[in-house]
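Okay, structure first, notes after.
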2 protein chains.
Amino acid sequence: MLDPYKQLQEHFLQLSRLAHALTFLQWDQLVMMPPRGNEARSEAIAELSSLYHSQLTEPALADLLDKARAAEQDPERLASIREMEREYRWATCIPSDLVKAKSLAGSKCEHQWRSQRQDNDWSGFLSNFKEVVNLSRVEAQARQTCNSEIFSTPYDALLDLYCTGDSSSLISEIFTTLKTDLPPLIAQVVEKQAGRTREFNGRFSKAAQQRLNRKLAVILGFDFEAGRIDESSHPFSTGDIGDHRITSRYRENDFIDALKATAHETGHAAYEGGLPLKWKHLPLGQARNMSIHESQSLLFEKQIFLSKPFLNFFTPEIHTHIAESDAYDCQQIWLNSIKVSPSYIRVEADELCYPLHVILRYEIESALINGGMEADDLPDAWDEKMQTYLGLSTAGNYKDGCLQDIHWTDGSFGYFPAYTLGALNAAQMFSAFRRQHDDWQELLGRGEIIPIRQWLEEQIWSTGRLLDSQELLQAVTGESTTPRHFIDYVRERYLEEQY
Amino acid sequence: MLDPYKQLQEHFLQLSRLAHALTFLQWDQLVMMPPRGNEARSEAIAELSSLYHSQLTEPALADLLDKARAAEQDPERLASIREMEREYRWATCIPSDLVKAKSLAGSKCEHQWRSQRQDNDWSGFLSNFKEVVNLSRVEAQARQTCNSEIFSTPYDALLDLYCTGDSSSLISEIFTTLKTDLPPLIAQVVEKQAGRTREFNGRFSKAAQQRLNRKLAVILGFDFEAGRIDESSHPFSTGDIGDHRITSRYRENDFIDALKATAHETGHAAYEGGLPLKWKHLPLGQARNMSIHESQSLLFEKQIFLSKPFLNFFTPEIHTHIAESDAYDCQQIWLNSIKVSPSYIRVEADELCYPLHVILRYEIESALINGGMEADDLPDAWDEKMQTYLGLSTAGNYKDGCLQDIHWTDGSFGYFPAYTLGALNAAQMFSAFRRQHDDWQELLGRGEIIPIRQWLEEQIWSTGRLLDSQELLQAVTGESTTPRHFIDYVRERYLEEQY
């Protein structure tokens, strides 16, 4: 008979193999599968998800976790048990009827949203969305109840699914600063950039862009022996040990868009590839949370790729691979790539406006879940906040307003803050790297990414889930997440145009 | 409580979803996965296979099958129960220790074979292969014992795994005719073709070939909304409902090789795509066996694609897509494509020599399993038979002799006959089609494949496993598998050069 910890290890190893199957079936569904394969695929994914859930919630685990915890002294093993327990509790603390009801309501709402968004049909959407909000409230309360020592509000219990370790009180404080500092900064930058950016004009072939993007990925340390780059309508990153799958998206009239996506997804893949093999297939060996994950992708995209010295270094590659790009010198490519301009759509927003899109969503979703707002109030709240934060009205324009994102349609409330926490964490981490590496500009200017990767691997990737996200920030940067470094960095890039 | 048949349906539906996951994980492994992904993938596949096996052998099924059989009157449902029972019995009738031991011995032997073949290392191979033969004999005896009313020899019990419905007595009779008729025919054809075929010479780009192969697949009825064509080192076909995945292989100095593979795999996919949806996810709704499956792929490759009228029709497409191919007119392309020449390697063999390669293997493997031959005797037996059937000696040349195939390395004895039964069945089925369609030459000459597909779908694909393979041949062609139609067809093509 194995000791309780070994039994748990074995159990989570089996779970990781089901997770592997789900990961690659879902990748295939988004990247490879022909349209008529969807029915059989969805059924197979549902079956495996249900197998996964029933294995994760096996009642015998509760006892094993208790026994293992009582028997262990080793801090790493205790951390490993803590993370196993977290997975187990999070899966068991809401009744399976609720899981099923939310999944059904979410699928229906998401499915119909795809056409309702195009039709600007708010009232059609609302009729499904109310149920999604109701069930998410019930879920949030149930999750808060069974973890009442941790969560101060129901919304915090949902937030924890994506940003575990980052509380709503911390986020609210950070977002208050950003709401104050960013709008005047945006106005200054827009004025400064006026007439200096120049839209790309030309046909940049997809095949040439694909070769260029592979080159970028290699420079950023992506290992094609342990991964692939493909194409999908929304770039994403997934995979397992030794097999990291990222995607990019190619526009024939713009060669920077795909490069940003490739740099971003290479950052996600780098984090996954640097996770500690000594805890492989265990919860402790996984990525910490989405606010850390997003920090790694944004660090690769913003702090590395879009830096002046790196883009200086990389422009000759652009010119070599895409002959038509030589109408733009490196200064012009850089300026075009950092253009700031308030607009309606979050996923197209620049680095300065993006946090305001997120803050708007955070304020709305926390109120929806905690009960300060009803689903009916969403369009007005959206319009009012867009006007306040970005000076744009979405009155009557639902499709470019509150119907633009997929996240809420299936009840993924609590996800949005990860994007901006990630941006702040990236700036804060890179600032710590700069303090320890005087030659950081030279490294970027020579395309030498290895020292940055080594530092990130040592400081962040190799720690898995040993620390919670704010402990990790403290360990790496000496402070918990703060907007200060982000503000400094965007001033340096967008106002001083130094970096 | 569902009735027993409904419970069985539900159980096999769940199994089919695990099978779906395995199918696409294995496809990905061969077509997409980067090298370093192999470890995690192999572990996930092993886990799912073991889950599949334990669900298929659940003891409660025996009782459910008995109850369902007793309660049913409907012949289709009884056939469905019969096929479920077959799957269940075949999975349960050998002890799990034996399954495991054979799997381990097979993996080891196959793994080492990859280098031993290159090194021409017979004695190294033999040391592993003896164990594979021993365990396969034990397996064959166990399978024969638990189905003694069906199988007259232990080898028949293994043959049944691939060619269920085709007995070794039928096969031996057929092969005796082929052994007599083919060698003199080959000599005549070689003489007739001498000096008239001309090796392809040129660089035919892969990208152009890929476009040409997609075109061929479309003409042959492949639906890209319900499938993909990719590339792999050995062409194969797999998939599920609405998602048929085939691969081809491109040689830059030969554009016919990939086209043959594409036509072949399109035939496999067509059969899968035409299986009866009313029995979807049930054993009854699956492809009959490998000797029928191979007949469909060979019919597409040989009877359709390599026919003179079809290749006449298709040559302008070749010239359009591959400019360098216009050094060869359609008569020359056809002659080159049907060149006959005895050689060592089965997978490279032409249509006339191929059956002799299979007969040699059949005679050896049946003797190995039934006890008439020992593993040590293999090289001598191989050499002797190669000299008799094809006039070539493999003395001392193991890598081009008895070490050339993967099949035996993991104990897949009983598979080889399917290739030649498939070739005979294809000729026999197409001969029935010709008897019912006077305009068959015109159809091929216009590239009109729909009437052929409709006939095959109605006669074969839509029947799933309702009939056993020889019943199916009887129903479609009026007789069980016979070499007569194949001999007539190859005389017509290779001696008379009429088709």
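Simple scheme: letters A, B, ... for chains in structure tokens order, numbers from 1 for residues in each chain, numbers from 1 for ligands in the order shown.
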
Practice problem: Excluding Ile345 in chain A and any residue of its chain fewer than 3 positions from it, enumerate the residues within 8 Å of it, using only C-alpha atoms, and give them as a list in words. | Solution: Glu348, Ala349, Asp400, Gly401 and Gln404 of chain A

Export of the given selection (N, CA and C atoms) as a PDB file, in the first residue's frame:
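Result file is again-v2.pdb:
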```pdb
ATOM      1  N   GLU A 348      -8.629  45.265 -29.459  1.00  0.00           N
ATOM      2  CA  GLU A 348      -7.824  46.057 -30.391  1.00  0.00           C
ATOM      3  C   GLU A 348      -7.173  47.242 -29.689  1.00  0.00           C
ATOM      4  N   ALA A 349      -7.361  47.362 -28.384  1.00  0.00           N
ATOM      5  CA  ALA A 349      -6.893  48.563 -27.676  1.00  0.00           C
ATOM      6  C   ALA A 349      -5.374  48.577 -27.534  1.00  0.00           C
ATOM      7  N   ASP A 400     -20.524  47.038 -30.275  1.00  0.00           N
ATOM      8  CA  ASP A 400     -19.190  47.560 -29.953  1.00  0.00           C
ATOM      9  C   ASP A 400     -19.102  47.958 -28.482  1.00  0.00           C
ATOM     10  N   GLY A 401     -20.146  47.626 -27.738  1.00  0.00           N
ATOM     11  CA  GLY A 401     -20.157  47.949 -26.317  1.00  0.00           C
ATOM     12  C   GLY A 401     -20.218  46.667 -25.511  1.00  0.00           C
ATOM     13  N   GLN A 404     -19.452  42.966 -26.821  1.00  0.00           N
ATOM     14  CA  GLN A 404     -18.252  42.654 -27.609  1.00  0.00           C
ATOM     15  C   GLN A 404     -17.462  41.449 -27.116  1.00  0.00           C
TER      16      GLN A 404
END
```

Practice problem: Write out as a PyMOL selection string all residues of range 287-359 of chain A that backbone DSSP assigns to alpha helix (DSSP H). | Solution: chain A and resi 290-298+308-321+330-337+354-359

Output of the above residues as a PDB file, in the first residue's frame, restricted to C-alpha atoms:
```pdb
ATOM      1  CA  MET A 290      -3.776  34.050 -14.964  1.00  0.00           C
ATOM      2  CA  SER A 291      -2.417  37.328 -13.581  1.00  0.00           C
ATOM      3  CA  ILE A 292       1.051  35.752 -13.560  1.00  0.00           C
ATOM      4  CA  HIS A 293       0.546  33.951 -16.873  1.00  0.00           C
ATOM      5  CA  GLU A 294      -0.553  37.154 -18.557  1.00  0.00           C
ATOM      6  CA  SER A 295       2.451  38.960 -17.069  1.00  0.00           C
ATOM      7  CA  GLN A 296       4.792  36.594 -18.897  1.00  0.00           C
ATOM      8  CA  SER A 297       3.057  36.932 -22.250  1.00  0.00           C
ATOM      9  CA  LEU A 298       2.858  40.707 -21.922  1.00  0.00           C
ATOM     10  CA  LYS A 308      12.870  50.346 -29.194  1.00  0.00           C
ATOM     11  CA  PRO A 309      16.201  48.479 -29.012  1.00  0.00           C
ATOM     12  CA  PHE A 310      14.675  45.076 -29.807  1.00  0.00           C
ATOM     13  CA  LEU A 311      12.568  46.368 -32.692  1.00  0.00           C
ATOM     14  CA  ASN A 312      15.683  48.166 -33.930  1.00  0.00           C
ATOM     15  CA  PHE A 313      17.479  44.836 -33.902  1.00  0.00           C
ATOM     16  CA  PHE A 314      14.566  42.977 -35.477  1.00  0.00           C
ATOM     17  CA  THR A 315      13.631  45.393 -38.291  1.00  0.00           C
ATOM     18  CA  PRO A 316      16.266  44.022 -40.718  1.00  0.00           C
ATOM     19  CA  GLU A 317      14.578  40.603 -40.333  1.00  0.00           C
ATOM     20  CA  ILE A 318      11.250  42.212 -41.221  1.00  0.00           C
ATOM     21  CA  HIS A 319      12.781  43.842 -44.289  1.00  0.00           C
ATOM     22  CA  THR A 320      14.466  40.585 -45.337  1.00  0.00           C
ATOM     23  CA  HIS A 321      11.381  38.418 -45.033  1.00  0.00           C
ATOM     24  CA  CYS A 330      12.658  51.055 -37.925  1.00  0.00           C
ATOM     25  CA  GLN A 331      11.633  54.297 -36.266  1.00  0.00           C
ATOM     26  CA  GLN A 332       8.426  54.370 -38.294  1.00  0.00           C
ATOM     27  CA  ILE A 333       7.657  50.715 -37.590  1.00  0.00           C
ATOM     28  CA  TRP A 334       8.177  51.333 -33.892  1.00  0.00           C
ATOM     29  CA  LEU A 335       5.984  54.455 -33.862  1.00  0.00           C
ATOM     30  CA  ASN A 336       3.238  52.666 -35.774  1.00  0.00           C
ATOM     31  CA  SER A 337       3.423  49.758 -33.362  1.00  0.00           C
ATOM     32  CA  TYR A 354      -6.462  48.686 -22.411  1.00  0.00           C
ATOM     33  CA  PRO A 355      -6.521  49.042 -18.596  1.00  0.00           C
ATOM     34  CA  LEU A 356      -9.488  51.405 -18.829  1.00  0.00           C
ATOM     35  CA  HIS A 357     -11.445  48.798 -20.811  1.00  0.00           C
ATOM     36  CA  VAL A 358     -10.627  46.293 -18.077  1.00  0.00           C
ATOM     37  CA  ILE A 359     -11.499  48.630 -15.201  1.00  0.00           C
TER      38      ILE A 359
END
```

Quiz item: Excluding same-chain residues fewer than 3 positions from Phe224 in chain A, what lies within 10 Å of it counting only C-alpha atoms, as a ChimeraX atom specification?
Solution: /A:214,217-218,221,227-229,242-245 /B:34-36

Exercise. Define the interface residues of chain A facing chain B as those within 10 Å, counting only C-alpha atoms, and report them as JSON, numbers by chain.
Key: {"A": [13, 14, 15, 16, 17, 18, 19, 20, 21, 22, 24, 25, 28, 32, 33, 34, 35, 36, 37, 38, 39, 40, 41, 42, 43, 44, 45, 46, 47, 48, 223, 224, 225, 226, 227, 228, 239, 240, 241, 242, 243, 244, 245, 281]}

Write out as a CSV table (one decimal) with N, CA and C atoms, in the first residue's frame each polymer residue whose atoms come within 12 Å of range 142-155 of chain A, counting only C-alpha atoms; drop sequence neighbours fewer than 6 positions from it.
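Wrote it out as result.csv, contents follow:
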```
chain,number,residue,atom,x,y,z
A,86,ARG,N,-6.8,22.5,-2.9
A,86,ARG,CA,-7.4,23.6,-3.6
A,86,ARG,C,-8.2,23.1,-4.8
A,89,ARG,N,-11.2,21.0,-3.4
A,89,ARG,CA,-12.3,21.8,-2.8
A,89,ARG,C,-13.0,22.6,-3.8
A,90,TRP,N,-12.3,23.2,-4.8
A,90,TRP,CA,-12.9,24.1,-5.7
A,90,TRP,C,-13.9,23.3,-6.6
A,91,ALA,N,-13.5,22.0,-6.9
A,91,ALA,CA,-14.4,21.2,-7.7
A,91,ALA,C,-15.6,20.6,-6.9
A,92,THR,N,-15.4,20.5,-5.6
A,92,THR,CA,-16.5,19.9,-4.8
A,92,THR,C,-17.4,20.9,-4.1
A,93,CYS,N,-17.0,22.2,-4.1
A,93,CYS,CA,-17.8,23.0,-3.2
A,93,CYS,C,-19.0,23.6,-3.9
A,94,ILE,N,-19.3,23.3,-5.1
A,94,ILE,CA,-20.6,23.7,-5.6
A,94,ILE,C,-21.3,22.4,-6.1
A,95,PRO,N,-22.6,22.4,-5.9
A,95,PRO,CA,-23.4,21.2,-6.2
A,95,PRO,C,-23.4,20.9,-7.7
A,96,SER,N,-23.4,19.6,-8.0
A,96,SER,CA,-23.2,19.2,-9.5
A,96,SER,C,-24.4,19.7,-10.3
A,98,LEU,N,-25.8,22.6,-10.0
A,98,LEU,CA,-25.5,24.0,-10.3
A,98,LEU,C,-24.5,24.0,-11.5
A,99,VAL,N,-23.5,23.1,-11.4
A,99,VAL,CA,-22.5,23.1,-12.5
A,99,VAL,C,-23.2,22.8,-13.8
A,133,VAL,N,-26.3,35.3,-15.2
A,133,VAL,CA,-25.9,36.2,-14.0
A,133,VAL,C,-26.5,35.5,-12.7
A,135,LEU,N,-27.2,32.4,-12.0
A,135,LEU,CA,-26.5,31.2,-11.7
A,135,LEU,C,-25.1,31.5,-11.2
A,136,SER,N,-24.5,32.5,-11.8
A,136,SER,CA,-23.1,32.9,-11.4
A,136,SER,C,-23.2,33.5,-10.0
A,161,LEU,N,-10.8,32.1,-9.1
A,161,LEU,CA,-10.7,31.0,-10.1
A,161,LEU,C,-9.6,31.4,-11.2
A,162,TYR,N,-9.4,32.6,-11.4
A,162,TYR,CA,-8.4,33.1,-12.4
A,162,TYR,C,-7.2,33.8,-11.8
A,163,CYS,N,-7.5,34.6,-10.7
A,163,CYS,CA,-6.5,35.5,-10.2
A,163,CYS,C,-6.3,35.1,-8.7
A,164,THR,N,-6.2,33.8,-8.4
A,164,THR,CA,-6.0,33.4,-7.0
A,164,THR,C,-4.8,34.2,-6.4
A,165,GLY,N,-5.1,34.7,-5.2
A,165,GLY,CA,-4.0,35.5,-4.5
A,165,GLY,C,-4.2,37.0,-4.7
A,166,ASP,N,-5.0,37.4,-5.7
A,166,ASP,CA,-5.2,38.8,-5.9
A,166,ASP,C,-6.6,39.2,-5.5
A,167,SER,N,-6.8,39.9,-4.4
A,167,SER,CA,-8.1,40.2,-3.8
A,167,SER,C,-8.7,41.4,-4.5
A,168,SER,N,-10.0,41.5,-4.4
A,168,SER,CA,-10.7,42.7,-5.0
A,168,SER,C,-10.3,44.0,-4.3
A,169,SER,N,-10.0,43.9,-3.0
A,169,SER,CA,-9.6,45.2,-2.3
A,169,SER,C,-8.3,45.7,-2.9
A,170,LEU,N,-7.3,44.8,-3.2
A,170,LEU,CA,-6.1,45.2,-3.8
A,170,LEU,C,-6.3,45.7,-5.2
A,362,TYR,N,-14.4,45.3,-14.9
A,362,TYR,CA,-14.2,44.9,-13.4
A,362,TYR,C,-15.3,45.6,-12.6
A,363,GLU,N,-15.5,46.9,-12.8
A,363,GLU,CA,-16.5,47.6,-11.9
A,363,GLU,C,-17.9,47.0,-12.2
A,364,ILE,N,-18.2,46.7,-13.4
A,364,ILE,CA,-19.5,46.2,-13.8
A,364,ILE,C,-19.7,44.8,-13.2
A,365,GLU,N,-18.7,43.9,-13.5
A,365,GLU,CA,-18.9,42.5,-13.1
A,365,GLU,C,-18.9,42.3,-11.6
A,366,SER,N,-18.1,43.1,-10.9
A,366,SER,CA,-18.2,42.9,-9.5
A,366,SER,C,-19.5,43.4,-8.9
A,367,ALA,N,-20.1,44.5,-9.5
A,367,ALA,CA,-21.4,44.9,-9.0
A,367,ALA,C,-22.5,43.9,-9.4
A,368,LEU,N,-22.4,43.3,-10.6
A,368,LEU,CA,-23.3,42.3,-11.0
A,368,LEU,C,-23.4,41.1,-10.1
A,369,ILE,N,-22.2,40.7,-9.7
A,369,ILE,CA,-22.1,39.5,-8.9
A,369,ILE,C,-22.4,39.8,-7.4
A,370,ASN,N,-22.0,40.9,-6.9
A,370,ASN,CA,-22.2,41.2,-5.5
A,370,ASN,C,-23.6,41.8,-5.3
A,371,GLY,N,-24.3,42.1,-6.4
A,371,GLY,CA,-25.7,42.5,-6.2
A,371,GLY,C,-25.9,44.0,-6.3
A,372,GLY,N,-24.9,44.8,-6.6
A,372,GLY,CA,-25.1,46.3,-6.7
A,372,GLY,C,-25.6,46.7,-8.1
A,412,SER,N,-18.0,33.6,-17.2
A,412,SER,CA,-16.6,33.7,-16.7
A,412,SER,C,-16.4,35.0,-16.1
A,413,PHE,N,-17.1,35.3,-15.1
A,413,PHE,CA,-16.9,36.6,-14.3
A,413,PHE,C,-15.6,36.4,-13.5
A,414,GLY,N,-14.8,37.5,-13.4
A,414,GLY,CA,-13.6,37.4,-12.6
A,414,GLY,C,-12.4,37.3,-13.4
A,415,TYR,N,-12.5,37.1,-14.7
A,415,TYR,CA,-11.3,36.9,-15.6
A,415,TYR,C,-10.6,38.2,-15.9
A,417,PRO,N,-9.8,41.1,-14.8
A,417,PRO,CA,-8.7,41.8,-14.1
A,417,PRO,C,-7.3,41.2,-14.4
```

Exercise. Just the residues within 7 Å of Arg117 in chain A, please, counting only C-alpha atoms, with nothing from its chain fewer than 2 positions along; format it as a PyMOL selection string.
Key: chain A and resi 113-115+119-121+399+403-404

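Proximity to Leu65 in chain A was assessed for A:Ser307, A:Thr266, A:Ser469, A:Gln7 counting only C-alpha atoms; the smallest distance is recorded for A:Gln7.
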
Self-check item: Which of B:Ser107, B:Gln498, B:Ser237, B:Ser80 sits closest to Gln9 in chain B [using only C-alpha atoms]
Solution: B:Ser80

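For the pair CA of Asp156 in chain B and CA of Asp468 in chain B, the separation is 15.3 Å.
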
Among range 183-392 of chain A, which ones does DSSP place in strand (DSSP E), written as a compact mmCIF listing (two decimals) with N, CA and C atoms, in the first residue's frame?
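Final file, states-v8.txt:
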```txt
# COMPACT_ATOMS: atom_id res chain seq x y z
N GLY A 227 7.41 22.21 -29.73
CA GLY A 227 6.24 23.04 -29.93
C GLY A 227 5.95 23.33 -31.38
N ARG A 228 4.82 23.95 -31.64
CA ARG A 228 4.39 24.33 -32.98
C ARG A 228 3.79 25.72 -32.94
N ILE A 229 3.83 26.40 -34.10
CA ILE A 229 3.05 27.63 -34.27
C ILE A 229 2.07 27.39 -35.40
N ASP A 230 0.79 27.59 -35.15
CA ASP A 230 -0.21 27.47 -36.20
C ASP A 230 -1.02 28.76 -36.26
N GLU A 231 -2.14 28.67 -36.93
CA GLU A 231 -2.95 29.87 -37.16
C GLU A 231 -4.34 29.64 -36.58
N SER A 237 -2.51 29.99 -26.62
CA SER A 237 -1.38 29.15 -26.27
C SER A 237 -1.90 28.00 -25.42
N THR A 238 -1.41 26.79 -25.68
CA THR A 238 -1.81 25.66 -24.85
C THR A 238 -0.72 24.59 -24.95
N GLY A 239 -0.97 23.40 -24.42
CA GLY A 239 0.02 22.34 -24.58
C GLY A 239 0.29 21.57 -23.31
N ASP A 240 1.37 20.81 -23.35
CA ASP A 240 1.80 20.01 -22.20
C ASP A 240 3.34 19.96 -22.26
N ASP A 243 5.57 19.96 -25.46
CA ASP A 243 4.70 20.14 -26.62
C ASP A 243 3.83 21.39 -26.43
N HIS A 244 4.42 22.55 -26.74
CA HIS A 244 3.75 23.83 -26.52
C HIS A 244 3.19 24.33 -27.85
N ARG A 245 1.90 24.52 -27.87
CA ARG A 245 1.23 24.91 -29.11
C ARG A 245 0.79 26.36 -29.02
N ILE A 246 1.30 27.19 -29.89
CA ILE A 246 0.81 28.56 -29.93
C ILE A 246 0.25 28.85 -31.31
N THR A 247 -0.60 29.89 -31.37
CA THR A 247 -1.12 30.28 -32.68
C THR A 247 -0.92 31.78 -32.86
N SER A 248 -0.92 32.19 -34.10
CA SER A 248 -0.92 33.60 -34.41
C SER A 248 -2.01 33.82 -35.45
```
